[in-house]
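Undergrad: Here you go, this is upload_34.csv (CSV, C-alpha atoms and all ligand atoms).
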chain,number,residue,atom,x,y,z
F,964,MET,CA,-59.1,116.8,-137.0
F,965,ASN,CA,-56.6,114.2,-136.2
F,966,THR,CA,-58.0,110.7,-135.9
F,967,GLN,CA,-54.7,108.8,-135.8
F,968,VAL,CA,-54.0,106.8,-132.6
F,969,GLU,CA,-51.1,104.9,-131.5
F,970,GLN,CA,-51.4,101.1,-131.3
F,971,PRO,CA,-52.7,100.1,-127.8
F,972,ARG,CA,-50.3,98.7,-125.2
F,973,ARG,CA,-51.6,96.4,-122.5
F,974,GLY,CA,-51.3,96.5,-118.8
F,975,PRO,CA,-51.6,99.4,-116.3
F,976,SER,CA,-49.8,98.9,-113.0
F,977,LEU,CA,-51.7,98.5,-109.7
F,978,THR,CA,-50.0,101.7,-108.5
F,979,LEU,CA,-51.5,103.6,-111.5
F,980,LEU,CA,-54.9,102.1,-110.8
F,981,HIS,CA,-54.7,103.1,-107.1
F,982,SER,CA,-54.1,106.8,-108.2
F,983,ILE,CA,-57.4,106.9,-110.2
F,984,PRO,CA,-60.4,108.2,-108.2
F,985,MET,CA,-62.8,105.9,-110.1
F,986,PHE,CA,-61.0,102.9,-108.5
F,987,ALA,CA,-60.9,104.2,-104.9
F,988,GLY,CA,-61.8,101.5,-102.5
F,989,VAL,CA,-61.7,98.7,-105.1
F,990,PRO,CA,-59.7,95.8,-103.5
F,991,ASP,CA,-56.4,94.8,-105.1
F,992,SER,CA,-57.7,91.4,-106.1
F,993,GLN,CA,-60.3,93.2,-108.3
F,994,LEU,CA,-57.8,95.8,-109.5
F,995,GLU,CA,-55.7,93.0,-110.7
F,996,GLN,CA,-58.6,91.8,-112.9
F,997,ILE,CA,-59.0,95.3,-114.2
F,998,ALA,CA,-55.3,95.6,-114.9
F,999,LYS,CA,-55.6,92.4,-117.1
F,1000,VAL,CA,-58.3,93.9,-119.3
F,1001,ALA,CA,-57.4,97.6,-119.5
F,1002,PHE,CA,-54.9,98.9,-122.0
F,1003,HIS,CA,-53.0,102.1,-122.6
F,1004,ARG,CA,-53.5,104.3,-125.6
F,1005,ARG,CA,-51.7,107.6,-126.4
F,1006,VAL,CA,-53.4,110.1,-128.6
F,1007,PRO,CA,-52.1,113.4,-130.0
F,1008,ARG,CA,-53.7,116.8,-129.4
F,1009,GLN,CA,-56.8,117.4,-131.5
F,1010,THR,CA,-57.7,113.8,-131.7
F,1011,THR,CA,-61.5,113.1,-131.6
F,1012,ILE,CA,-61.4,110.2,-129.1
F,1013,VAL,CA,-65.2,109.8,-129.0
F,1014,ARG,CA,-67.6,111.1,-131.6
F,1015,ALA,CA,-71.2,112.1,-130.9
F,1016,GLY,CA,-73.7,109.6,-132.5
F,1017,ASP,CA,-71.2,106.7,-132.7
F,1018,SER,CA,-72.0,103.4,-131.1
F,1019,THR,CA,-70.2,102.8,-127.9
F,1020,ASP,CA,-67.5,100.3,-127.4
F,1021,SER,CA,-65.2,101.5,-124.6
F,1022,LEU,CA,-64.7,103.5,-121.4
F,1023,TYR,CA,-61.7,105.8,-121.2
F,1024,VAL,CA,-59.8,107.1,-118.2
F,1025,LEU,CA,-57.5,110.1,-118.7
F,1026,ILE,CA,-54.1,109.4,-117.2
F,1027,SER,CA,-52.4,112.5,-118.4
F,1028,GLY,CA,-53.3,115.4,-120.7
F,1029,GLY,CA,-56.6,117.1,-121.1
F,1030,ALA,CA,-59.8,116.8,-123.2
F,1031,LYS,CA,-62.9,118.8,-123.9
F,1032,VAL,CA,-66.5,117.4,-124.1
F,1033,LEU,CA,-68.5,119.3,-126.7
F,1034,ASN,CA,-71.5,119.3,-128.9
F,1035,SER,CA,-71.8,121.2,-132.2
F,1036,ASP,CA,-74.5,122.1,-134.6
F,1037,GLU,CA,-74.5,121.8,-138.4
F,1038,GLU,CA,-73.0,125.2,-138.8
F,1039,GLY,CA,-70.0,124.2,-136.7
F,1040,ARG,CA,-71.0,126.2,-133.6
F,1041,GLU,CA,-69.8,124.5,-130.5
F,1042,VAL,CA,-70.8,124.4,-126.9
F,1043,ILE,CA,-68.2,122.9,-124.5
F,1044,LEU,CA,-70.0,120.9,-121.8
F,1045,THR,CA,-66.9,120.4,-119.7
F,1046,LEU,CA,-63.1,120.1,-119.6
F,1047,LEU,CA,-61.6,116.9,-118.4
F,1048,GLY,CA,-58.2,116.5,-116.7
F,1049,PRO,CA,-56.1,113.6,-115.3
F,1050,GLY,CA,-57.9,111.0,-113.3
F,1051,GLU,CA,-61.3,111.7,-114.9
F,1052,PHE,CA,-63.1,109.2,-117.1
F,1053,PHE,CA,-65.5,109.5,-120.0
F,1054,GLY,CA,-67.5,107.3,-122.3
F,1055,GLU,CA,-69.5,105.7,-119.5
F,1056,MET,CA,-72.9,107.1,-120.6
F,1057,GLY,CA,-73.3,105.1,-123.7
F,1058,LEU,CA,-72.0,102.0,-122.0
F,1059,ILE,CA,-74.6,102.3,-119.2
F,1060,ASP,CA,-77.7,103.0,-121.2
F,1061,GLY,CA,-76.7,101.5,-124.6
F,1062,SER,CA,-77.4,104.8,-126.5
F,1063,PRO,CA,-75.0,106.3,-129.0
F,1064,ARG,CA,-72.2,108.7,-127.8
F,1065,SER,CA,-73.8,111.8,-126.4
F,1066,ALA,CA,-71.0,114.2,-127.3
F,1067,ASP,CA,-67.6,114.6,-128.9
F,1068,VAL,CA,-64.5,114.2,-126.7
F,1069,VAL,CA,-61.5,115.9,-128.2
F,1070,ALA,CA,-57.9,115.8,-126.8
F,1071,THR,CA,-56.8,119.4,-126.1
F,1072,GLU,CA,-53.2,118.1,-125.5
F,1073,THR,CA,-51.4,114.8,-125.9
F,1074,CYS,CA,-53.3,112.3,-123.8
F,1075,GLU,CA,-52.4,109.1,-122.1
F,1076,LEU,CA,-55.5,107.0,-121.8
F,1077,LEU,CA,-56.6,103.8,-120.2
F,1078,VAL,CA,-59.2,102.0,-122.2
F,1079,ILE,CA,-61.6,99.4,-121.0
F,1080,THR,CA,-63.9,97.7,-123.5
F,1081,LYS,CA,-67.6,97.6,-123.1
F,1082,ASN,CA,-67.9,93.9,-122.1
F,1083,ASP,CA,-64.9,94.1,-119.7
F,1084,PHE,CA,-66.4,97.3,-118.1
F,1085,LYS,CA,-69.7,95.7,-117.6
F,1086,ARG,CA,-68.1,92.6,-116.0
F,1087,CYS,CA,-66.0,94.9,-113.7
F,1088,LEU,CA,-69.2,96.8,-112.7
F,1089,ALA,CA,-71.0,93.5,-111.9
F,1090,GLU,CA,-68.2,92.4,-109.7
F,1091,ASN,CA,-67.3,95.7,-107.9
F,1092,PHE,CA,-69.7,97.5,-105.8
F,1093,ASP,CA,-67.2,100.3,-105.0
F,1094,LEU,CA,-66.6,100.9,-108.7
F,1095,CYS,CA,-70.4,101.2,-109.2
F,1096,LEU,CA,-70.6,103.7,-106.3
F,1097,ASN,CA,-67.7,105.7,-107.6
F,1098,ILE,CA,-69.3,105.9,-111.1
F,1099,MET,CA,-72.6,106.9,-109.5
F,1100,LYS,CA,-70.9,109.6,-107.5
F,1101,SER,CA,-69.3,111.0,-110.6
F,1102,LEU,CA,-72.6,111.0,-112.5
F,1103,VAL,CA,-74.2,112.8,-109.6
F,1104,GLN,CA,-71.4,115.4,-109.6
F,1105,ARG,CA,-71.9,115.9,-113.3
F,1106,LEU,CA,-75.6,116.4,-112.9
F,1107,ARG,CA,-74.9,119.0,-110.1
F,1108,GLU,CA,-72.5,120.7,-112.4
F,1109,ALA,CA,-75.0,120.7,-115.3
F,1110,ASP,CA,-77.7,122.1,-112.9
F,1111,ARG,CA,-75.4,124.9,-111.9
F,1112,ASN,CA,-74.7,125.7,-115.5
F,1113,ILE,CA,-78.4,125.8,-116.4
F,1114,GLU,CA,-78.9,128.1,-113.4
F,1115,SER,CA,-76.1,130.4,-114.4
F,1116,LEU,CA,-77.2,130.5,-118.1
F,1117,ALA,CA,-80.7,131.4,-117.0
F,1118,LEU,CA,-79.9,133.8,-114.2
F,1119,LEU,CA,-76.5,135.5,-114.6
F,1120,ASP,CA,-75.3,138.0,-117.1
F,1121,VAL,CA,-72.0,137.5,-118.9
F,1122,TYR,CA,-70.0,139.1,-116.1
F,1123,GLY,CA,-71.6,136.7,-113.6
F,1124,ARG,CA,-71.0,133.7,-115.8
F,1125,VAL,CA,-67.4,134.5,-116.5
F,1126,ALA,CA,-66.8,135.1,-112.7
F,1127,LYS,CA,-68.5,131.9,-111.8
F,1128,LEU,CA,-66.6,129.9,-114.3
F,1129,LEU,CA,-63.3,131.4,-113.1
F,1130,ILE,CA,-64.1,130.4,-109.5
F,1131,ASP,CA,-65.3,126.9,-110.5
F,1132,PHE,CA,-62.0,126.3,-112.4
F,1133,SER,CA,-59.8,127.7,-109.6
F,1134,GLU,CA,-58.0,125.4,-107.1
F,1135,ASP,CA,-56.6,126.2,-103.7
F,1136,GLU,CA,-52.9,126.9,-103.7
F,1137,ARG,CA,-51.4,127.9,-100.4
F,1138,GLY,CA,-54.5,130.0,-99.5
F,1139,GLN,CA,-54.9,131.5,-103.0
F,1140,ARG,CA,-57.4,130.5,-105.6
F,1141,VAL,CA,-55.4,129.8,-108.8
F,1142,ILE,CA,-56.4,128.5,-112.2
F,1143,ARG,CA,-53.7,126.1,-113.2
F,1144,ARG,CA,-55.1,124.6,-116.3
F,1145,ARG,CA,-54.9,126.4,-119.6
F,1146,LEU,CA,-58.1,128.1,-120.3
F,1147,THR,CA,-58.5,130.1,-123.5
F,1148,LYS,CA,-61.0,132.9,-124.0
F,1149,GLN,CA,-62.5,130.9,-126.8
F,1150,ASP,CA,-63.1,127.9,-124.5
F,1151,ILE,CA,-64.6,130.2,-121.9
F,1152,ALA,CA,-66.9,131.6,-124.5
F,1153,LYS,CA,-68.0,128.2,-125.6
F,1154,MET,CA,-68.7,127.1,-122.1
F,1155,ILE,CA,-70.8,130.1,-121.1
F,1156,GLY,CA,-72.6,130.8,-124.4
F,1157,ALA,CA,-71.1,134.1,-125.2
F,1158,SER,CA,-68.8,135.4,-128.0
F,1159,ARG,CA,-65.0,135.4,-127.6
F,1160,GLU,CA,-65.0,139.2,-128.1
F,1161,MET,CA,-67.5,139.6,-125.2
F,1162,VAL,CA,-65.5,137.3,-123.0
F,1163,SER,CA,-62.3,139.2,-123.8
F,1164,ARG,CA,-63.9,142.5,-122.9
F,1165,VAL,CA,-65.4,141.2,-119.7
F,1166,MET,CA,-62.1,139.6,-118.6
F,1167,LYS,CA,-60.1,142.8,-119.3
F,1168,ASP,CA,-62.6,144.8,-117.3
F,1169,LEU,CA,-62.6,142.3,-114.4
F,1170,GLU,CA,-58.8,142.3,-114.4
F,1171,ASN,CA,-58.6,146.1,-114.6
F,1172,ARG,CA,-61.0,146.3,-111.6
F,1173,GLY,CA,-58.7,144.0,-109.6
F,1174,TYR,CA,-61.0,140.9,-109.4
F,1175,PHE,CA,-58.1,138.7,-110.6
F,1176,ARG,CA,-54.5,139.1,-111.8
F,1177,VAL,CA,-52.4,137.1,-114.2
F,1178,GLU,CA,-49.1,135.8,-112.7
F,1179,GLU,CA,-46.7,133.8,-114.8
F,1180,GLY,CA,-49.5,133.0,-117.3
F,1181,ARG,CA,-51.8,131.7,-114.5
F,1182,ILE,CA,-54.9,133.5,-113.2
F,1183,VAL,CA,-54.9,134.3,-109.5
F,1184,ILE,CA,-58.4,135.1,-108.2
F,1185,ILE,CA,-59.1,137.7,-105.6
F,1186,GLU,CA,-61.9,135.4,-104.5
F,1187,LYS,CA,-64.2,137.4,-102.3
F,1188,ARG,CA,-64.5,140.2,-104.8
F,1189,LEU,CA,-65.1,137.9,-107.8
F,1190,ALA,CA,-67.6,135.8,-105.9
F,1191,ALA,CA,-69.7,138.9,-105.4
F,1192,ASN,CA,-71.0,138.5,-108.9
F,1193,PRO,CA,-69.8,141.7,-110.5
F,1194,GLY,CA,-71.8,143.4,-113.2
F,1195,PRO,CA,-70.7,145.9,-115.7
F,1196,VAL,CA,-69.6,149.2,-114.1
F,1197,PRO,CA,-72.0,152.0,-114.8
F,1198,ALA,CA,-70.2,155.2,-116.0
F,1199,SER,CA,-71.3,157.0,-112.8
F,1200,ARG,CA,-70.2,154.3,-110.3
F,1201,PRO,CA,-66.7,154.7,-109.0
F,1202,GLN,CA,-64.5,151.7,-109.9
F,1203,PRO,CA,-63.2,149.6,-107.0
F,1204,THR,CA,-59.5,150.0,-106.4
D,1,LIG,P1,-70.8,108.9,-123.9
D,1,LIG,O1,-72.2,109.5,-124.1
D,1,LIG,O2,-70.6,107.5,-124.0
D,1,LIG,O3,-69.8,109.7,-124.8
D,1,LIG,C1,-69.5,111.1,-124.6
D,1,LIG,C2,-69.1,111.3,-123.2
D,1,LIG,O4,-68.9,112.6,-122.8
D,1,LIG,C3,-70.2,110.8,-122.3
D,1,LIG,O5,-70.3,109.4,-122.4
D,1,LIG,C4,-69.6,111.3,-121.0
D,1,LIG,O6,-68.6,110.5,-120.5
D,1,LIG,C5,-69.1,112.6,-121.4
D,1,LIG,N1,-70.0,113.7,-121.1
D,1,LIG,C6,-71.2,114.0,-121.7
D,1,LIG,N2,-71.8,115.1,-121.1
D,1,LIG,C7,-71.0,115.4,-120.1
D,1,LIG,C8,-71.1,116.4,-119.1
D,1,LIG,N3,-72.1,117.3,-119.1
D,1,LIG,N4,-70.1,116.5,-118.2
D,1,LIG,C9,-69.0,115.6,-118.2
D,1,LIG,N5,-68.9,114.7,-119.1
D,1,LIG,C10,-69.9,114.6,-120.1
Mind converting the file's structure to structure tokens?
Ligand code: CMP

TA:
Amino acid sequence: MNTQVEQPRRGPSLTLLHSIPMFAGVPDSQLEQIAKVAFHRRVPRQTTIVRAGDSTDSLYVLISGGAKVLNSDEEGREVILTLLGPGEFFGEMGLIDGSPRSADVVATETCELLVITKNDFKRCLAENFDLCLNIMKSLVQRLREADRNIESLALLDVYGRVAKLLIDFSEDERGQRVIRRRLTKQDIAKMIGASREMVSRVMKDLENRGYFRVEEGRIVIIEKRLAANPGPVPASRPQPT
């Protein structure tokens, strides 16, 4: 895996900071302080930005590109905890509780990052109630997402888990639910605890049954039908048109 990173450059603009949800509501005077201590870093695809077990030194905000948060065992089997996109941050857990990194964070494409060192981050937190609140909101959202994942792992079959993941990753686009980000079958398999072959089979079946269609490489969901948590079609049951 690539561990090369470009030399850091200093100084995000206030406009950039305004566009990041984590800084919503933070007054300009305080954003100016953050702009002074944060720096840019560009990393190529496949870079392990944060490695599980390492001590923590910085918080990262994803400006562009994408990354996956994952854990793996000694045999190299991986579980993807989440995919991160522009505007999202990572590396806060170790900074907050002082524990080693809880997971690997790996760039899935070239990433433009904003980096804030541990001491600067703690100082910013101490001075910005809105920043604390935004971080708390994100942690709560992640906990909700983790709860939903536990629920779906415990209660849904692979059909249900694939369907739920597709809905969760879809976004509204002029009244349609569309998955814009690149989502490989391998990634889906690693997120729902199934084999890639099983995910391929289930997706083919769901597509054939009209639960979603692929348009210009993007998945367009026919939401109501997919949300109905489809199971495998028994041979005797007529297939929906
Ligand atoms: P930290 O433990 O410092 O390093 C790994 C990072 O991955 C962690 O902080 C979080 O930012 C991120 N992370 C870990 N688990 C999850 C999760 N379930 N959802 C989203 N992000 C996570």

Undergrad: Find the residues near Ser1018 (chain F): any atom within 12 Å, counting all atoms listed in the file, skip ones fewer than 4 places away on the same chain, and give them as number ranges by chain.

TA: F: 1013-1014, 1054, 1056-1058, 1060-1066, 1081

Undergrad: Do you have the CA of Val1069 (chain F)-CA of Arg1105 (chain F) distance handy?

TA: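 These two atoms are separated by 18.2 Å.
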
Undergrad: Name the residues in contact with Leu1044 (chain F) at a cut-off of 7 Å, using only C-alpha atoms, excluding same-chain residues fewer than 5 positions from it; report them as a list in words.

TA: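 The residues that qualify are Val1032, Leu1033 and Met1154 of chain F.
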
Undergrad: What is the distance between CA of Pro984 (chain F) and CA of Pro1049 (chain F), in Å to one decimal?

TA: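 Rounded to one decimal, the two atoms are 9.9 Å apart.
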
Undergrad: What's the separation between CA of Phe986 (chain F) and CA of Leu1046 (chain F), in Å to one decimal place?

TA: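 These atoms are spaced 20.6 Å apart.
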
Undergrad: Of the candidates F:Phe1052, F:Thr1011, F:Gly974, F:Gly1039, which shows the shortest atom-to-atom distance to ligand LIG 1 (chain D), using only C-alpha atoms and all ligand atoms?

TA: F:Phe1052

Undergrad: Between F:Gly1048, F:Gly1180, F:Gly1156, F:Gly1123, which one has atoms that come closest to ligand LIG 1 (chain D), using all atoms listed in the file?

TA: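 For ligand LIG 1 (chain D), the nearest of the given residues is F:Gly1048.
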
Undergrad: How big is the axis-aligned box, and where does its centre sit, when it encloses all atoms of ligand LIG 1 (chain D) listed in the file and has 5 Å added on every side, reported in Å to one decimal as lines of an AutoDock Vina configuration file?

TA:
center_x = -70.4
center_y = 112.4
center_z = -121.5
size_x = 13.6
size_y = 19.8
size_z = 16.6

Undergrad: Quick one: residues within 12 Å of Ser1101 (chain F), only C-alpha atoms, excluding same-chain residues fewer than 5 positions away - as a list of chain:residue names?

TA: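 Non-adjacent residues within range: F:Pro984, F:Met985, F:Phe986, F:Gly1050, F:Glu1051, F:Phe1052, F:Phe1053, F:Glu1055, F:Met1056, F:Leu1094, F:Cys1095, F:Leu1096, F:Leu1106, F:Arg1107, F:Glu1108.
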
Undergrad: Taking 3 positions as the minimum chain separation for residues in the same chain, which residues sit within 12 Å of Ile1185 (chain F) when counting all atoms listed in the file? Answer as a list in words.

TA: Ala1126, Leu1129, Ile1130, Ser1133, Asp1135, Gly1138, Gln1139, Arg1140, Val1141, Ile1142, Leu1169, Glu1170, Arg1172, Gly1173, Tyr1174, Phe1175, Arg1176, Val1177, Ile1182, Arg1188, Leu1189, Ala1190 and Ala1191 of chain F
